[in-house]
$ cat target_35.tsv   # TSV, N, CA and C atoms
chain	number	residue	atom	x	y	z
R	92	MET	N	135.37	116.89	102.20
R	92	MET	CA	134.53	116.68	103.35
R	92	MET	C	133.16	117.29	103.06
R	93	ASP	N	132.14	116.78	103.72
R	93	ASP	CA	130.78	117.27	103.52
R	93	ASP	C	130.42	118.33	104.56
R	94	PHE	N	129.20	118.83	104.47
R	94	PHE	CA	128.75	119.90	105.37
R	94	PHE	C	128.93	119.54	106.83
R	95	ILE	N	128.41	118.41	107.24
R	95	ILE	CA	128.45	118.06	108.66
R	95	ILE	C	129.88	117.85	109.13
R	96	GLY	N	130.73	117.30	108.29
R	96	GLY	CA	132.14	117.13	108.63
R	96	GLY	C	132.83	118.46	108.81
R	97	ASN	N	132.58	119.39	107.89
R	97	ASN	CA	133.18	120.72	107.99
R	97	ASN	C	132.65	121.48	109.20
R	98	LEU	N	131.36	121.33	109.47
R	98	LEU	CA	130.79	122.02	110.62
R	98	LEU	C	131.38	121.48	111.92
R	99	ASN	N	131.50	120.17	112.02
R	99	ASN	CA	132.11	119.58	113.21
R	99	ASN	C	133.55	120.06	113.38
R	100	LEU	N	134.29	120.14	112.28
R	100	LEU	CA	135.66	120.63	112.32
R	100	LEU	C	135.71	122.07	112.83
R	101	LEU	N	134.84	122.91	112.32
R	101	LEU	CA	134.79	124.31	112.76
R	101	LEU	C	134.43	124.41	114.25
R	102	LEU	N	133.47	123.62	114.68
R	102	LEU	CA	133.08	123.64	116.09
R	102	LEU	C	134.26	123.24	116.97
R	103	ASN	N	134.97	122.19	116.56
R	103	ASN	CA	136.14	121.74	117.34
R	103	ASN	C	137.24	122.80	117.36
R	104	GLU	N	137.51	123.39	116.21
R	104	GLU	CA	138.57	124.41	116.12
R	104	GLU	C	138.27	125.62	117.01
R	105	HIS	N	136.99	125.95	117.16
R	105	HIS	CA	136.60	127.12	117.93
R	105	HIS	C	136.15	126.77	119.35
R	106	GLY	N	136.18	125.49	119.69
R	106	GLY	CA	135.79	125.07	121.03
R	106	GLY	C	134.34	125.37	121.36
R	107	VAL	N	133.47	125.21	120.36
R	107	VAL	CA	132.05	125.52	120.52
R	107	VAL	C	131.26	124.21	120.51
R	108	LYS	N	130.31	124.10	121.42
R	108	LYS	CA	129.45	122.92	121.47
R	108	LYS	C	128.29	123.10	120.49
R	109	LYS	N	127.80	121.96	120.01
R	109	LYS	CA	126.67	121.99	119.07
R	109	LYS	C	125.50	122.76	119.65
R	110	SER	N	125.22	122.52	120.92
R	110	SER	CA	124.08	123.18	121.56
R	110	SER	C	124.23	124.70	121.56
R	111	LYS	N	125.44	125.18	121.73
R	111	LYS	CA	125.69	126.63	121.72
R	111	LYS	C	125.43	127.21	120.34
R	112	LEU	N	125.92	126.52	119.30
R	112	LEU	CA	125.68	126.99	117.94
R	112	LEU	C	124.18	127.03	117.65
R	113	LEU	N	123.48	125.97	117.97
R	113	LEU	CA	122.05	125.92	117.70
R	113	LEU	C	121.30	127.01	118.46
R	114	SER	N	121.72	127.27	119.68
R	114	SER	CA	121.12	128.34	120.47
R	114	SER	C	121.39	129.70	119.82
R	115	ASP	N	122.62	129.93	119.40
R	115	ASP	CA	122.97	131.18	118.73
R	115	ASP	C	122.16	131.39	117.45
R	116	LEU	N	121.89	130.28	116.76
R	116	LEU	CA	121.14	130.35	115.50
R	116	LEU	C	119.63	130.38	115.74
R	117	LYS	N	119.23	130.17	117.00
R	117	LYS	CA	117.82	130.14	117.37
R	117	LYS	C	117.05	129.06	116.62
R	118	ILE	N	117.66	127.87	116.57
R	118	ILE	CA	116.99	126.72	115.95
R	118	ILE	C	116.96	125.57	116.95
R	119	GLY	N	116.11	124.62	116.69
R	119	GLY	CA	115.86	123.51	117.62
R	119	GLY	C	117.09	122.69	117.94
R	120	LYS	N	117.08	122.14	119.17
R	120	LYS	CA	118.23	121.37	119.64
R	120	LYS	C	118.43	120.07	118.90
R	121	ASN	N	117.41	119.58	118.20
R	121	ASN	CA	117.52	118.33	117.45
R	121	ASN	C	117.95	118.54	116.01
R	122	GLN	N	118.09	119.77	115.61
R	122	GLN	CA	118.40	120.08	114.22
R	122	GLN	C	119.73	119.49	113.76
R	123	PHE	N	120.74	119.55	114.61
R	123	PHE	CA	122.05	119.03	114.25
R	123	PHE	C	121.96	117.54	113.94
R	124	LYS	N	121.24	116.82	114.79
R	124	LYS	CA	121.06	115.38	114.60
R	124	LYS	C	120.35	115.10	113.27
R	125	TYR	N	119.39	115.94	112.94
R	125	TYR	CA	118.66	115.81	111.68
R	125	TYR	C	119.61	115.98	110.50
R	126	TRP	N	120.49	117.00	110.59
R	126	TRP	CA	121.46	117.20	109.51
R	126	TRP	C	122.38	115.99	109.38
R	127	GLU	N	122.81	115.45	110.51
R	127	GLU	CA	123.71	114.28	110.51
R	127	GLU	C	123.02	113.05	109.94
R	128	ASP	N	121.83	112.75	110.46
R	128	ASP	CA	121.13	111.52	110.09
R	128	ASP	C	120.59	111.54	108.67
R	129	LYS	N	120.04	112.65	108.26
R	129	LYS	CA	119.41	112.75	106.94
R	129	LYS	C	120.38	113.23	105.86
R	130	GLY	N	121.51	113.81	106.26
R	130	GLY	CA	122.45	114.33	105.28
R	130	GLY	C	121.94	115.58	104.59
R	131	ASN	N	120.96	116.23	105.20
R	131	ASN	CA	120.40	117.45	104.62
R	131	ASN	C	121.22	118.67	105.00
R	132	LEU	N	121.04	119.71	104.23
R	132	LEU	CA	121.67	120.99	104.52
R	132	LEU	C	120.65	121.90	105.18
R	133	PRO	N	121.11	122.81	106.02
R	133	PRO	CA	120.20	123.82	106.56
R	133	PRO	C	119.71	124.73	105.43
R	134	ASN	N	118.71	125.53	105.73
R	134	ASN	CA	118.23	126.46	104.72
R	134	ASN	C	119.31	127.51	104.43
R	135	GLY	N	119.13	128.25	103.36
R	135	GLY	CA	120.14	129.22	102.93
R	135	GLY	C	120.48	130.26	103.98
R	136	GLU	N	119.47	130.75	104.67
R	136	GLU	CA	119.70	131.77	105.70
R	136	GLU	C	120.59	131.22	106.82
R	137	THR	N	120.33	129.99	107.23
R	137	THR	CA	121.13	129.37	108.29
R	137	THR	C	122.55	129.11	107.82
R	138	LEU	N	122.71	128.65	106.59
R	138	LEU	CA	124.05	128.43	106.04
R	138	LEU	C	124.86	129.72	106.04
R	139	ILE	N	124.22	130.80	105.63
R	139	ILE	CA	124.90	132.10	105.60
R	139	ILE	C	125.33	132.52	107.00
R	140	LYS	N	124.44	132.34	107.97
R	140	LYS	CA	124.77	132.71	109.35
R	140	LYS	C	125.96	131.90	109.87
R	141	ILE	N	125.96	130.60	109.60
R	141	ILE	CA	127.07	129.75	110.06
R	141	ILE	C	128.37	130.20	109.40
R	142	ALA	N	128.32	130.44	108.09
R	142	ALA	CA	129.52	130.89	107.37
R	142	ALA	C	130.04	132.20	107.94
R	143	GLU	N	129.14	133.11	108.28
R	143	GLU	CA	129.55	134.39	108.85
R	143	GLU	C	130.15	134.21	110.25
R	144	ILE	N	129.54	133.37	111.06
R	144	ILE	CA	130.04	133.14	112.42
R	144	ILE	C	131.47	132.64	112.39
R	145	TYR	N	131.75	131.70	111.47
R	145	TYR	CA	133.08	131.07	111.43
R	145	TYR	C	133.98	131.64	110.34
R	146	ASN	N	133.52	132.69	109.68
R	146	ASN	CA	134.32	133.39	108.68
R	146	ASN	C	134.86	132.44	107.60
R	147	VAL	N	133.95	131.64	107.05
R	147	VAL	CA	134.29	130.74	105.95
R	147	VAL	C	133.32	130.99	104.81
R	148	THR	N	133.67	130.51	103.64
R	148	THR	CA	132.78	130.65	102.49
R	148	THR	C	131.69	129.60	102.54
R	149	LEU	N	130.62	129.86	101.84
R	149	LEU	CA	129.56	128.87	101.72
R	149	LEU	C	130.07	127.62	101.01
R	150	ASP	N	130.92	127.82	100.00
R	150	ASP	CA	131.50	126.67	99.29
R	150	ASP	C	132.27	125.78	100.24
R	151	TYR	N	133.06	126.37	101.12
R	151	TYR	CA	133.78	125.56	102.10
R	151	TYR	C	132.80	124.84	103.02
R	152	LEU	N	131.83	125.56	103.51
R	152	LEU	CA	130.90	125.00	104.48
R	152	LEU	C	130.16	123.78	103.92
R	153	VAL	N	129.78	123.83	102.67
R	153	VAL	CA	129.04	122.70	102.09
R	153	VAL	C	129.94	121.68	101.42
R	154	GLY	N	131.24	121.84	101.55
R	154	GLY	CA	132.16	120.82	101.05
R	154	GLY	C	132.57	120.96	99.60
R	155	ARG	N	132.39	122.13	99.03
R	155	ARG	CA	132.76	122.34	97.62
R	155	ARG	C	134.13	122.96	97.44
R	156	ASP	N	134.76	123.36	98.55
R	156	ASP	CA	136.03	124.05	98.48
R	156	ASP	C	136.76	123.86	99.81
R	157	THR	N	138.06	124.07	99.80
R	157	THR	CA	138.82	124.01	101.04
R	157	THR	C	138.91	125.41	101.63
R	158	LYS	N	139.29	125.50	102.88
R	158	LYS	CA	139.38	126.79	103.57
R	158	LYS	C	140.23	127.72	102.82
$ encode --input "target_35.tsv" --output "structure tokens"
Amino acid sequence: MDFIGNLNLLLNEHGVKKSKLLSDLKIGKNQFKYWEDKGNLPNGETLIKIAEIYNVTLDYLVGRDTK
């Protein structure tokens, strides 16, 4: 699975809405859509924060490894 797929899975598992995550990360509300549409990854700092929030590795988050 890719980054956006893994992130959606984590959000569902934790019952968190996209808007809540973006608010917690202090990034724009359209950022998630940008990641989905463009297939881009967030910057390194944001990736690290997401991995820490959900207690997963960066490799898992970007689709290079399983949980």
$ residues_around --input "target_35.tsv" --residues "R:Leu101" --least-positions-apart "6" --cutoff "8 Å" --atoms "all atoms listed in the file" --output "list in words"
Ile95, Val107 and Tyr145 of chain R
$ residues_around --input "target_35.tsv" --residues "stretch 147-154 of chain R" --least-positions-apart "5" --cutoff "5 Å" --atoms "all atoms listed in the file" --output "ChimeraX atom specification"
/R:92-94,142
$ atom_distance --input "target_35.tsv" --atom1 "atom C of R:Gly130" --atom2 "atom CA of R:Leu112"
18.0 Å
$ residues_near_point --input "target_35.tsv" --point "(123.3, 126.2, 111.4)" --cutoff "6.5 Å" --atoms "all atoms listed in the file" --output "number ranges by chain"
R: 112-113, 116, 133, 137-138, 140-141
$ write_last_selection --input "target_35.tsv" --atoms "N, CA and C atoms" --output "short mmCIF file (atom, residue, chain, number, x, y, z; two decimals), in the frame of the given file"
data_model
loop_
_atom_site.label_atom_id
_atom_site.label_comp_id
_atom_site.auth_asym_id
_atom_site.auth_seq_id
_atom_site.Cartn_x
_atom_site.Cartn_y
_atom_site.Cartn_z
N LEU R 112 125.92 126.52 119.30
CA LEU R 112 125.68 126.99 117.94
C LEU R 112 124.18 127.03 117.65
N LEU R 113 123.48 125.97 117.97
CA LEU R 113 122.05 125.92 117.70
C LEU R 113 121.30 127.01 118.46
N LEU R 116 121.89 130.28 116.76
CA LEU R 116 121.14 130.35 115.50
C LEU R 116 119.63 130.38 115.74
N PRO R 133 121.11 122.81 106.02
CA PRO R 133 120.20 123.82 106.56
C PRO R 133 119.71 124.73 105.43
N THR R 137 120.33 129.99 107.23
CA THR R 137 121.13 129.37 108.29
C THR R 137 122.55 129.11 107.82
N LEU R 138 122.71 128.65 106.59
CA LEU R 138 124.05 128.43 106.04
C LEU R 138 124.86 129.72 106.04
N LYS R 140 124.44 132.34 107.97
CA LYS R 140 124.77 132.71 109.35
C LYS R 140 125.96 131.90 109.87
N ILE R 141 125.96 130.60 109.60
CA ILE R 141 127.07 129.75 110.06
C ILE R 141 128.37 130.20 109.40
#
$ atom_distance --input "target_35.tsv" --atom1 "atom CA of R:Asn121" --atom2 "atom CA of R:Lys108"
13.4 Å
$ atom_distance --input "target_35.tsv" --atom1 "atom CA of R:Asp115" --atom2 "atom CA of R:Leu100"
17.7 Å
$ select_by_dssp --input "target_35.tsv" --residues "chain R" --states "alpha helix (DSSP H)" --output "PyMOL selection string"
chain R and resi 94-105+109-116+122-129+135-145+149-152
$ closest_residue --input "target_35.tsv" --among "R:Ile144, R:Asp156, R:Lys124, R:Asn97" --to "R:Lys109" --atoms "only C-alpha atoms"
R:Lys124
